[in-house]
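Colleague: structure-v6.txt is reproduced below (compact mmCIF, C-alpha atoms).
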```txt
# COMPACT_ATOMS: atom_id res chain seq x y z
CA MET A 1 101.04 61.68 25.62
CA THR A 2 99.28 62.11 28.95
CA ASP A 3 96.59 59.86 30.40
CA ALA A 4 94.11 62.74 30.18
CA LYS A 5 94.88 63.25 26.50
CA ARG A 6 94.61 59.54 25.82
CA GLU A 7 91.32 59.35 27.70
CA LYS A 8 89.86 62.25 25.72
CA LEU A 9 90.95 60.65 22.46
CA SER A 10 89.49 57.28 23.50
CA GLU A 11 86.24 58.96 24.46
CA ALA A 12 85.96 60.60 21.04
CA LEU A 13 86.53 57.23 19.36
CA ARG A 14 83.93 55.57 21.58
CA TRP A 15 81.26 58.04 20.42
CA ALA A 16 81.39 56.49 16.97
CA LEU A 17 80.94 53.00 18.42
CA GLU A 18 78.08 54.08 20.70
CA LEU A 19 76.28 55.59 17.75
CA THR A 20 76.31 52.31 15.83
CA THR A 21 74.26 50.42 18.43
CA ASN A 22 71.41 52.79 19.28
CA PRO A 23 71.81 56.34 17.94
CA ALA A 24 68.86 57.82 19.86
CA MET A 25 69.92 56.29 23.18
CA ALA A 26 73.54 57.30 22.51
CA ALA A 27 72.41 60.94 22.24
CA ALA A 28 70.40 60.61 25.46
CA ASP A 29 73.36 59.01 27.23
CA TRP A 30 75.65 61.84 26.11
CA LEU A 31 73.18 64.37 27.48
CA ALA A 32 73.05 62.47 30.77
CA ARG A 33 76.84 62.24 31.03
CA ASP A 34 77.09 65.92 30.21
CA ILE A 35 74.93 66.62 33.26
CA ASP A 36 76.71 64.14 35.49
CA PRO A 37 79.99 62.77 34.08
CA SER A 38 80.10 60.05 36.73
CA ARG A 39 77.06 58.31 35.18
CA THR A 40 77.14 55.78 32.38
CA GLY A 41 74.01 57.12 30.75
CA ALA A 42 70.41 58.26 30.91
CA VAL A 43 68.95 55.11 32.45
CA GLU A 44 71.42 55.13 35.33
CA LEU A 45 70.96 58.84 35.92
CA LEU A 46 67.18 58.57 36.09
CA SER A 47 66.91 55.34 38.02
CA ASP A 48 69.40 55.99 40.83
CA SER A 49 67.58 57.28 43.91
CA SER A 50 70.70 59.13 45.12
CA VAL A 51 70.59 61.57 42.18
CA SER A 52 69.64 65.03 43.46
CA LEU A 53 66.48 66.85 42.51
CA GLU A 54 68.58 69.62 40.98
CA THR A 55 70.22 67.08 38.65
CA LEU A 56 66.84 65.59 37.76
CA ASN A 57 65.62 69.06 36.90
CA LYS A 58 68.57 69.55 34.56
CA ALA A 59 67.89 66.16 32.99
CA LYS A 60 64.21 67.00 32.60
CA ASP A 61 65.08 70.26 30.79
CA ALA A 62 67.68 68.58 28.56
CA PHE A 63 65.30 65.79 27.51
CA LYS A 64 62.45 68.25 27.04
CA THR A 65 64.64 70.12 24.56
CA MET A 66 65.64 66.84 22.91
CA ARG A 67 61.90 66.14 22.50
CA ILE A 68 61.65 69.33 20.46
CA VAL A 69 64.95 69.62 18.60
CA GLY A 70 65.99 65.94 18.28
CA GLU A 71 67.43 65.17 14.86
CA HIS A 72 65.02 62.35 13.97
CA ALA A 73 61.51 61.35 15.06
CA VAL A 74 62.94 58.49 17.11
CA ASP A 75 65.17 60.96 19.02
CA ARG A 76 62.27 63.29 19.71
CA ARG A 77 60.14 60.39 20.90
CA LEU A 78 62.88 59.15 23.21
CA GLY A 79 63.43 62.72 24.46
CA GLY A 80 59.74 62.86 25.37
CA ARG A 81 59.90 59.56 27.22
CA LEU A 82 63.00 60.51 29.19
CA TYR A 83 61.54 63.91 30.00
CA LEU A 84 58.63 62.07 31.61
CA ALA A 85 61.01 59.63 33.31
CA ALA A 86 62.83 62.57 34.95
CA ILE A 87 59.52 63.88 36.29
CA ALA A 88 58.63 60.38 37.51
CA ALA A 89 62.03 60.05 39.22
CA GLY A 90 61.42 63.35 41.02
CA ILE A 91 58.11 62.03 42.34
CA VAL A 92 59.41 58.60 43.32
CA HIS A 93 62.84 59.50 44.72
CA HIS A 94 62.17 62.96 46.18
CA HIS A 95 58.36 63.17 46.51
CA GLU A 96 58.53 66.35 44.46
CA ARG A 97 56.64 67.26 41.31
CA ILE A 98 59.07 69.03 38.93
CA SER A 99 56.40 69.65 36.36
CA ALA A 100 53.43 71.95 36.02
CA GLN A 101 51.47 69.34 34.05
CA SER A 102 48.06 68.40 35.38
CA ASP A 103 47.45 65.10 37.17
CA GLY A 104 45.37 63.90 34.24
CA ALA A 105 48.05 64.71 31.67
CA LEU A 106 50.76 63.05 33.73
CA LEU A 107 48.69 59.94 34.40
CA LYS A 108 47.90 59.57 30.70
CA ALA A 109 51.56 59.99 29.70
CA LEU A 110 52.77 57.61 32.41
CA ARG A 111 50.23 54.95 31.34
CA GLU A 112 51.66 55.07 27.82
CA PHE A 113 55.19 54.92 29.18
CA ILE A 114 54.47 51.84 31.33
CA ARG A 115 53.04 50.03 28.30
CA ASP A 116 56.02 50.93 26.08
CA ASP A 117 58.18 47.83 26.13
CA SER A 118 60.91 49.57 24.14
CA MET A 119 61.71 51.51 27.31
CA PRO A 120 64.19 50.07 29.83
CA GLU A 121 62.59 48.07 32.62
CA GLN A 122 64.07 50.26 35.41
CA LEU A 123 62.44 53.37 33.97
CA ARG A 124 59.09 51.67 33.43
CA GLU A 125 59.18 50.61 37.06
CA ILE A 126 59.77 54.20 38.17
CA ALA A 127 56.96 55.35 35.89
CA ASP A 128 54.73 52.71 37.50
CA PHE A 129 55.52 53.94 41.04
CA ALA A 130 55.00 57.56 39.99
CA TYR A 131 51.67 56.61 38.42
CA LEU A 132 50.51 54.95 41.65
CA SER A 133 51.74 57.90 43.68
CA ILE A 134 49.78 60.43 41.61
CA GLN A 135 46.73 58.19 41.55
CA ASN A 136 46.83 57.88 45.37
CA SER A 137 47.21 61.60 45.73
CA VAL A 138 44.26 62.19 43.38
CA SER A 139 42.14 59.66 45.35
CA ASN A 140 43.10 61.24 48.67
CA ASN A 141 42.27 64.70 47.40
CA HIS A 142 38.98 63.41 46.10
CA GLN A 143 38.28 61.77 49.48
CA ASP A 144 39.23 64.97 51.33
CA ALA A 145 36.88 66.96 49.13
CA GLN A 146 34.06 64.51 49.84
CA ASP A 147 34.77 64.60 53.59
CA ASP A 148 34.60 68.39 53.53
CA MET B 1 96.65 73.49 15.21
CA LEU B 2 95.28 71.13 12.59
CA PRO B 3 97.61 69.31 10.22
CA PRO B 4 97.65 70.59 6.64
CA ASP B 5 95.87 67.51 5.34
CA ALA B 6 93.16 67.60 7.98
CA GLY B 7 89.83 66.96 6.41
CA SER B 8 91.25 65.18 3.43
CA SER B 9 88.67 62.54 2.80
CA GLN B 10 90.35 60.67 0.01
CA THR B 11 90.52 56.97 0.72
CA ASN B 12 93.88 55.76 1.95
CA TRP B 13 93.93 52.91 -0.49
CA LYS B 14 92.76 55.11 -3.31
CA MET B 15 95.65 57.44 -2.53
CA ILE B 16 98.04 54.51 -2.37
CA PHE B 17 96.87 53.18 -5.73
CA THR B 18 97.22 56.64 -7.23
CA ALA B 19 100.71 56.90 -5.77
CA LYS B 20 101.55 53.52 -7.32
CA ASP B 21 99.84 53.74 -10.65
CA GLY B 22 98.72 57.32 -11.27
CA ASP B 23 100.27 59.67 -13.79
CA ASP B 24 103.27 61.65 -12.60
CA GLN B 25 101.36 64.64 -11.29
CA ALA B 26 98.61 62.64 -9.57
CA SER B 27 101.14 60.21 -8.16
CA ALA B 28 103.29 63.01 -6.74
CA LEU B 29 100.25 64.63 -5.14
CA ALA B 30 99.08 61.34 -3.62
CA LEU B 31 102.58 60.64 -2.30
CA GLU B 32 102.72 64.03 -0.66
CA GLN B 33 99.26 63.58 0.90
CA LEU B 34 100.22 60.18 2.26
CA ALA B 35 103.47 61.54 3.64
CA ARG B 36 101.55 64.32 5.40
CA ARG B 37 99.00 61.89 6.79
CA TYR B 38 101.55 59.53 8.30
CA TRP B 39 104.23 62.04 9.27
CA PRO B 40 102.94 62.68 12.84
CA SER B 41 102.66 58.96 13.63
CA VAL B 42 106.12 58.20 12.23
CA TYR B 43 107.62 61.10 14.15
CA ALA B 44 105.89 60.00 17.38
CA PHE B 45 107.33 56.49 16.97
CA VAL B 46 110.87 57.73 16.33
CA ARG B 47 110.76 60.29 19.13
CA SER B 48 109.48 57.70 21.60
CA SER B 49 112.30 55.36 20.67
CA GLY B 50 114.65 57.67 22.56
CA ARG B 51 115.80 60.12 19.89
CA ASP B 52 115.91 63.84 20.65
CA VAL B 53 113.73 66.31 18.75
CA HIS B 54 116.28 67.03 16.03
CA GLU B 55 117.37 63.46 15.46
CA ALA B 56 113.75 62.31 15.43
CA ALA B 57 112.84 64.97 12.88
CA ASP B 58 115.83 64.00 10.76
CA LEU B 59 115.02 60.29 10.91
CA THR B 60 111.35 60.94 10.16
CA GLN B 61 112.26 62.93 7.12
CA GLY B 62 114.77 60.25 6.15
CA PHE B 63 112.14 57.54 6.41
CA VAL B 64 109.59 59.53 4.44
CA CYS B 65 112.09 60.45 1.72
CA ASP B 66 114.15 57.27 1.53
CA VAL B 67 111.55 54.57 2.23
CA MET B 68 108.04 55.91 1.70
CA LEU B 69 109.00 57.89 -1.39
CA GLY B 70 112.48 56.74 -2.39
CA ARG B 71 111.92 52.99 -2.19
CA ASN B 72 108.25 53.50 -2.92
CA LEU B 73 106.83 51.62 0.00
CA PHE B 74 103.42 51.93 -1.59
CA HIS B 75 104.34 49.42 -4.29
CA GLU B 76 104.48 46.75 -1.57
CA ALA B 77 101.10 47.77 -0.18
CA ASP B 78 98.21 45.43 -0.87
CA PRO B 79 94.86 45.59 0.94
CA LYS B 80 94.68 41.78 0.85
CA ARG B 81 97.81 41.62 2.98
CA GLY B 82 96.47 43.71 5.82
CA ARG B 83 96.51 47.28 7.01
CA PHE B 84 98.89 49.74 5.40
CA ARG B 85 99.63 51.06 8.88
CA THR B 86 101.09 47.67 9.85
CA LEU B 87 103.33 47.62 6.78
CA LEU B 88 104.44 51.16 7.52
CA LEU B 89 105.27 50.37 11.14
CA ARG B 90 107.27 47.27 10.17
CA SER B 91 109.17 49.21 7.51
CA LEU B 92 109.87 52.00 9.98
CA GLN B 93 111.27 49.55 12.54
CA ASN B 94 113.51 48.04 9.85
CA TYR B 95 114.62 51.47 8.73
CA LEU B 96 115.57 52.54 12.26
CA ARG B 97 117.54 49.32 12.77
CA GLU B 98 119.27 49.91 9.46
CA ARG B 99 120.05 53.52 10.34
CA TYR B 100 121.40 52.48 13.72
CA ARG B 101 123.64 49.87 12.11
CA PHE B 102 125.09 52.26 9.56
CA ALA B 103 125.05 55.38 11.70
CA ASN B 104 128.79 55.60 11.96
CA ARG B 105 129.51 54.58 8.43
CA LYS B 106 127.24 56.72 6.39
CA LYS B 107 125.25 59.86 6.77
CA ARG B 108 121.83 59.99 5.17
CA SER B 109 122.21 61.24 1.66
CA PRO B 110 121.32 64.93 1.49
CA GLU B 111 120.26 64.56 -2.12
CA SER B 112 117.33 62.41 -0.98
CA GLY B 113 115.27 65.58 -1.11
CA LYS B 114 113.37 67.61 1.42
CA LEU B 115 109.63 67.85 1.71
CA THR B 116 109.61 71.57 2.16
CA SER B 117 105.85 71.73 2.05
CA LEU B 118 105.53 69.74 5.27
CA ASP B 119 104.83 71.90 8.27
CA ASP B 120 107.56 71.42 10.85
CA SER B 121 105.17 72.38 13.64
CA HIS B 122 103.77 68.84 13.34
CA MET B 123 106.83 67.57 15.05
CA HIS B 124 106.12 69.56 18.13
CA MET B 125 102.53 68.47 18.45
CA THR B 126 103.65 65.23 20.02
CA ALA B 127 104.75 65.66 23.59
CA ILE B 128 106.58 62.47 24.39
CA ALA B 129 105.93 61.16 27.88
CA PRO B 130 108.45 58.91 29.56
CA GLY B 131 107.61 55.21 29.58
CA VAL B 132 105.65 55.32 26.35
CA THR B 133 106.74 52.68 23.87
CA PRO B 134 107.28 53.71 20.25
CA GLU B 135 104.36 51.53 19.14
CA GLU B 136 102.07 53.21 21.68
CA ALA B 137 103.20 56.65 20.53
CA PHE B 138 102.63 55.64 16.91
CA ASN B 139 99.13 54.31 17.64
CA PHE B 140 98.21 57.34 19.71
CA GLU B 141 99.37 59.72 17.02
CA TRP B 142 97.54 57.76 14.34
CA GLY B 143 94.31 58.01 16.36
CA ALA B 144 94.95 61.70 17.01
CA THR B 145 95.63 62.38 13.32
CA LEU B 146 92.38 60.65 12.41
CA VAL B 147 90.39 62.61 15.00
CA ARG B 148 91.97 65.95 14.02
CA GLY B 149 91.12 65.34 10.38
CA VAL B 150 87.52 64.46 11.27
CA LEU B 151 87.18 67.53 13.47
CA GLU B 152 88.20 69.76 10.58
CA LEU B 153 85.70 68.07 8.26
CA VAL B 154 82.90 68.45 10.81
CA ARG B 155 83.81 72.10 11.36
CA ARG B 156 83.60 72.78 7.63
CA ASN B 157 80.28 70.95 7.35
CA CYS B 158 78.81 72.82 10.30
CA VAL B 159 79.80 76.15 8.74
CA ALA B 160 78.40 75.09 5.36
CA ASP B 161 75.09 74.05 6.97
CA GLY B 162 74.69 77.23 9.01
CA PHE B 163 75.53 75.46 12.27
CA GLU B 164 78.28 77.85 13.31
CA SER B 165 76.84 78.31 16.80
CA HIS B 166 76.58 74.53 17.19
CA TRP B 167 80.24 74.26 16.26
CA VAL B 168 81.22 76.98 18.74
CA VAL B 169 79.50 75.04 21.55
CA PHE B 170 81.23 71.81 20.50
CA GLU B 171 84.59 73.50 20.06
CA SER B 172 84.41 75.26 23.44
CA ARG B 173 83.17 72.24 25.37
CA VAL B 174 84.91 69.37 23.57
CA VAL B 175 87.52 70.25 20.96
CA ARG B 176 89.67 72.76 22.81
CA PRO B 177 89.73 70.69 26.01
CA MET B 178 90.64 67.62 23.92
CA LEU B 179 93.34 69.21 21.79
CA PHE B 180 94.76 71.86 24.06
CA GLY B 181 93.80 70.67 27.54
CA GLU B 182 91.73 73.82 28.13
CA LYS B 183 88.94 73.94 30.67
CA PRO B 184 85.55 73.54 28.93
CA ALA B 185 83.60 76.78 28.62
CA SER B 186 80.63 76.86 30.98
CA TYR B 187 77.16 76.56 29.50
CA GLN B 188 76.25 79.88 31.07
CA THR B 189 79.08 81.59 29.17
CA LEU B 190 77.97 79.96 25.92
CA VAL B 191 74.30 80.82 26.47
CA GLU B 192 75.25 84.48 26.91
CA ARG B 193 77.81 84.55 24.13
CA LEU B 194 75.57 82.89 21.54
CA ASP B 195 72.30 84.36 22.80
CA LEU B 196 70.74 80.94 23.42
CA ASP B 197 67.56 80.18 25.38
CA ASP B 198 69.17 78.10 28.11
CA ARG B 199 71.66 75.42 29.07
CA SER B 200 69.49 72.67 27.58
CA GLN B 201 69.57 74.24 24.16
CA ALA B 202 73.35 74.49 24.30
CA ALA B 203 73.64 70.87 25.53
CA ASN B 204 71.47 69.61 22.68
CA MET B 205 73.48 71.66 20.16
CA LEU B 206 76.59 69.95 21.45
CA ILE B 207 74.95 66.54 20.99
CA THR B 208 74.04 67.39 17.40
CA VAL B 209 77.70 68.06 16.54
CA LYS B 210 78.91 65.09 18.56
CA ARG B 211 76.69 62.92 16.41
CA ARG B 212 78.03 64.48 13.24
CA PHE B 213 81.52 63.87 14.54
CA ALA B 214 80.75 60.22 15.34
CA ARG B 215 79.22 59.60 11.93
CA THR B 216 82.07 61.35 10.12
CA LEU B 217 84.66 59.45 12.15
CA MET B 218 83.05 56.17 11.15
CA ALA B 219 82.92 57.20 7.48
CA GLU B 220 86.50 58.53 7.43
CA THR B 221 87.83 55.45 9.16
CA GLY B 222 86.06 53.37 6.53
CA ARG B 223 87.89 55.36 3.88
CA THR B 224 91.26 54.25 5.23
CA LEU B 225 90.28 50.59 4.79
CA SER B 226 89.90 48.38 1.76
CA ASP B 227 86.53 47.32 3.21
CA PRO B 228 84.74 50.37 4.68
CA ALA B 229 82.26 48.08 6.45
CA ARG B 230 85.08 47.17 8.84
CA ALA B 231 85.33 50.74 10.16
CA LYS B 232 83.75 49.79 13.47
CA TYR B 233 86.35 47.08 14.05
CA GLU B 234 89.19 49.39 13.04
CA ILE B 235 88.02 51.93 15.63
CA MET B 236 87.78 49.15 18.21
CA GLU B 237 91.38 48.16 17.40
CA ILE B 238 92.64 51.73 17.72
CA LEU B 239 90.82 51.94 21.06
CA GLU B 240 92.35 48.68 22.22
CA ASP B 241 95.81 49.93 21.23
CA LEU B 242 95.21 53.10 23.22
CA GLU B 243 93.83 51.28 26.24
CA ARG B 244 96.60 48.69 26.20
CA SER B 245 99.12 51.49 26.54
CA SER B 246 97.33 53.18 29.44
```
Give the structure from this file in C-alpha cells form.
Modeller:
Amino acid sequence: MTDAKREKLSEALRWALELTTNPAMAAADWLARDIDPSRTGAVELLSDSSVSLETLNKAKDAFKTMRIVGEHAVDRRLGGRLYLAAIAAGIVHHHERISAQSDGALLKALREFIRDDSMPEQLREIADFAYLSIQNSVSNNHQDAQDD
Amino acid sequence: MLPPDAGSSQTNWKMIFTAKDGDDQASALALEQLARRYWPSVYAFVRSSGRDVHEAADLTQGFVCDVMLGRNLFHEADPKRGRFRTLLLRSLQNYLRERYRFANRKKRSPESGKLTSLDDSHMHMTAIAPGVTPEEAFNFEWGATLVRGVLELVRRNCVADGFESHWVVFESRVVRPMLFGEKPASYQTLVERLDLDDRSQAANMLITVKRRFARTLMAETGRTLSDPARAKYEIMEILEDLERSS
C-alpha cells in the first residue's frame, strides 16, 4: 500500500461524508477542487484574491453548467449563485468583467445575492464590492455622458 | 480488476444469518460470498505479517477453509457484540498464532478443501509495502474491497441509466488513477472522445457520478452493519484506520 493509494482511497471515502452534510455545496466544492486541487472548496476558490482570472473563468463556466445541469433544484440554484460569485470575484480581484451580461442584469442578480443569507459571508461581501464597483462605473459613465 | 463479488449488495449480516441458518444450498452460497468478500483483507493481513506470497496464500486459504468455513466462525457472529470484521480479525490473529505454534508438528490438513472458485489474482492485488502493520493492511484492504464493490455497482447503474459517457469521464479521471495509479485523462481528451460541448460539461458529468458513488458507498456500507443508520460512523472509522496508518 502506498501513501498515494491510501490517499486516493481516503478521498473516495470522504466524498460520502461530505455528501451527508450539504449535498449541493459538496458538488460545488468538488467542482472547485477539480479546477484547483490545492483549494478546499468553492468558497475558498472564489474568495481568495490570489486566484488567477483564468481559474475564475474556469470556475464561472463550471458553475454556469451546474446551474443548467445540476441534479436537483437546490444544485441549480447554488450553481447560479456561484456563477455570479465568480463574475464578482473577477471584478473585485482583477477589475475585469468576465461576463457579457448587462450592467442592469448584473446589478439585479448581485442585489439578490447580497440579500441571500444562505450564501457564505465571504461571497456576499465580494458580491457587495462588485455591486458597488459596477454602480460606480455606471454613475461615472452617466456623468461622462452628461459632461459631453 | 474487480473482485468476483464486486457489486454484491447483499447485507453482510443477512449473508451471515443465511450462512448460519439457511438451507444447505443458500448457506453454501452465503459462505462462499462471505469468503470472497473477506479474502483480500485476510490475505493482506497475513502477507503484511511477514509471510511470503505462497505462504500467505496458503494461510489465507487455511483460515478461510478451517476457521471461517470449517469451524463456522459465523455461528459466533452476533451484531449485538460488535462488528463482524473485529471478530474476523481476532480469529485470524488466533489462527496465525496457532499455526505458528504447530507449524513443525502438523501440516494443514489437505482434506480441508479448496475454494477453487476463488480467483487467485486477488492475492496479487495487494502490494505489501514495508513498515505496514498487518492490521493496517487488513483495514486498507477492507476499505479497498468496499470501494471496488461500490465502483462496480455504480458502473452498472450508470450503464442501465444511459449514463455511459458519464461513467467514462469518471473512470478516466477517478477510477483508473485510483485503482491503477494511471494519470487522469485530460478534459480536452474526454471532450473530443465523447463529443462533449466543453470542459465544464465533462466536469459536471464527473460530479454526477461522484455523487452516485458517494450515495452508493453510504448505502453499501450501511448494508454491512446491523444498523444501516451508522454507515456514516463506519466510514469515519475506516478513514481513521487509514489515516492512523499513514
Colleague: Counting only C-alpha atoms, which of A:Leu106, A:Ala100, A:Ala26, A:Val92 gets nearest to Ala130 of chain A?
Modeller: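 Once distances to Ala130 of chain A are computed over only C-alpha atoms, the minimum belongs to A:Val92.
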Colleague: Using 12 Å as the limit and counting only C-alpha atoms, can you tabulate each residue of segment 10-87 of chain A that touches segment 139-159 of chain B, with its shortest atom-to-atom distance in Å and the two atoms involved, as CSV?
Modeller:
```
residue,atom,partner,partner_atom,distance
A:Ser10,CA,B:Gly143,CA,8.6
A:Glu11,CA,B:Val147,CA,11.0
A:Ala12,CA,B:Val147,CA,7.8
A:Leu13,CA,B:Val147,CA,7.9
A:Arg14,CA,B:Val147,CA,11.6
A:Trp15,CA,B:Val147,CA,11.6
A:Ala16,CA,B:Val147,CA,11.1
```
Colleague: Could you jot down the atom CA of Ala214 of chain B to atom CA of Arg230 of chain B separation for me, Å, one decimal place?
Modeller: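 Separation between atom CA of Ala214 of chain B and atom CA of Arg230 of chain B: 15.2 Å.
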Colleague: May I have the residues of chain A within 9 Å of chain B, counting only C-alpha atoms, written as a PDB file with C-alpha atoms, in the frame of the given file?
Modeller:
```
ATOM      1  CA  MET A   1     101.040  61.680  25.620  1.00  0.00           C
ATOM      2  CA  THR A   2      99.280  62.110  28.950  1.00  0.00           C
ATOM      3  CA  ASP A   3      96.590  59.860  30.400  1.00  0.00           C
ATOM      4  CA  ALA A   4      94.110  62.740  30.180  1.00  0.00           C
ATOM      5  CA  LYS A   5      94.880  63.250  26.500  1.00  0.00           C
ATOM      6  CA  ARG A   6      94.610  59.540  25.820  1.00  0.00           C
ATOM      7  CA  GLU A   7      91.320  59.350  27.700  1.00  0.00           C
ATOM      8  CA  LYS A   8      89.860  62.250  25.720  1.00  0.00           C
ATOM      9  CA  LEU A   9      90.950  60.650  22.460  1.00  0.00           C
ATOM     10  CA  SER A  10      89.490  57.280  23.500  1.00  0.00           C
ATOM     11  CA  ALA A  12      85.960  60.600  21.040  1.00  0.00           C
ATOM     12  CA  LEU A  13      86.530  57.230  19.360  1.00  0.00           C
ATOM     13  CA  ARG A  14      83.930  55.570  21.580  1.00  0.00           C
ATOM     14  CA  TRP A  15      81.260  58.040  20.420  1.00  0.00           C
ATOM     15  CA  ALA A  16      81.390  56.490  16.970  1.00  0.00           C
ATOM     16  CA  LEU A  17      80.940  53.000  18.420  1.00  0.00           C
ATOM     17  CA  GLU A  18      78.080  54.080  20.700  1.00  0.00           C
ATOM     18  CA  LEU A  19      76.280  55.590  17.750  1.00  0.00           C
ATOM     19  CA  THR A  20      76.310  52.310  15.830  1.00  0.00           C
ATOM     20  CA  PRO A  23      71.810  56.340  17.940  1.00  0.00           C
ATOM     21  CA  ALA A  26      73.540  57.300  22.510  1.00  0.00           C
ATOM     22  CA  ALA A  27      72.410  60.940  22.240  1.00  0.00           C
ATOM     23  CA  ALA A  28      70.400  60.610  25.460  1.00  0.00           C
ATOM     24  CA  TRP A  30      75.650  61.840  26.110  1.00  0.00           C
ATOM     25  CA  LEU A  31      73.180  64.370  27.480  1.00  0.00           C
ATOM     26  CA  ASP A  34      77.090  65.920  30.210  1.00  0.00           C
ATOM     27  CA  ILE A  35      74.930  66.620  33.260  1.00  0.00           C
ATOM     28  CA  LYS A  58      68.570  69.550  34.560  1.00  0.00           C
ATOM     29  CA  ALA A  59      67.890  66.160  32.990  1.00  0.00           C
ATOM     30  CA  ASP A  61      65.080  70.260  30.790  1.00  0.00           C
ATOM     31  CA  ALA A  62      67.680  68.580  28.560  1.00  0.00           C
ATOM     32  CA  PHE A  63      65.300  65.790  27.510  1.00  0.00           C
ATOM     33  CA  LYS A  64      62.450  68.250  27.040  1.00  0.00           C
ATOM     34  CA  THR A  65      64.640  70.120  24.560  1.00  0.00           C
ATOM     35  CA  MET A  66      65.640  66.840  22.910  1.00  0.00           C
ATOM     36  CA  VAL A  69      64.950  69.620  18.600  1.00  0.00           C
ATOM     37  CA  GLY A  70      65.990  65.940  18.280  1.00  0.00           C
ATOM     38  CA  GLU A  71      67.430  65.170  14.860  1.00  0.00           C
TER      39      GLU A  71
END
```
Colleague: Mind pulling up the distance from atom CA of Ala86 of chain A to atom CA of Leu56 of chain A?
Modeller: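 Atom-to-atom, atom CA of Leu56 of chain A to atom CA of Ala86 of chain A, that is 5.8 Å.
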Colleague: With all atoms listed in the file as the basis for distance, which of A:Gln143, A:Thr21, A:Asn57, A:Asn136 is at the shortest distance from Glu96 of chain A?
Modeller: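 Smallest separation from Glu96 of chain A among the options: A:Asn57.
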Colleague: Compile the contact shell of segment 50-54 of chain A as number ranges by chain: residues with an atom at most 12 Å away, counting only C-alpha atoms, same-chain residues fewer than 6 positions apart removed.
Modeller: A: 32, 35-36, 38-39, 42-44, 60-61, 86-98
Colleague: Kindly indicate which residue among B:Tyr100, B:Phe63, B:Trp13, B:Tyr95 lies nearest to Pro228 of chain B, using only C-alpha atoms for the distances.
Modeller: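 The closest residue to Pro228 of chain B is B:Trp13.
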Colleague: One decimal, Å: what's the distance from atom CA of Phe113 of chain A over to atom CA of Leu84 of chain A, could you say?
Modeller: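 A separation of 8.3 Å between them.
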Colleague: Looking at all atoms listed in the file, which of A:Thr55, A:Ala24, A:Asp144, A:Gln101 is the one that sits closest to Val74 of chain A?
Modeller: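 Closest candidate: A:Ala24.
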Colleague: Would you mind telling me which residue in B:Pro79, B:Glu55, B:Leu196, B:Gly62 lies nearest to Asp227 of chain B when using only C-alpha atoms?
Modeller: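 Ranking B:Pro79, B:Glu55, B:Leu196, B:Gly62 by distance to Asp227 of chain B, first place goes to B:Pro79.
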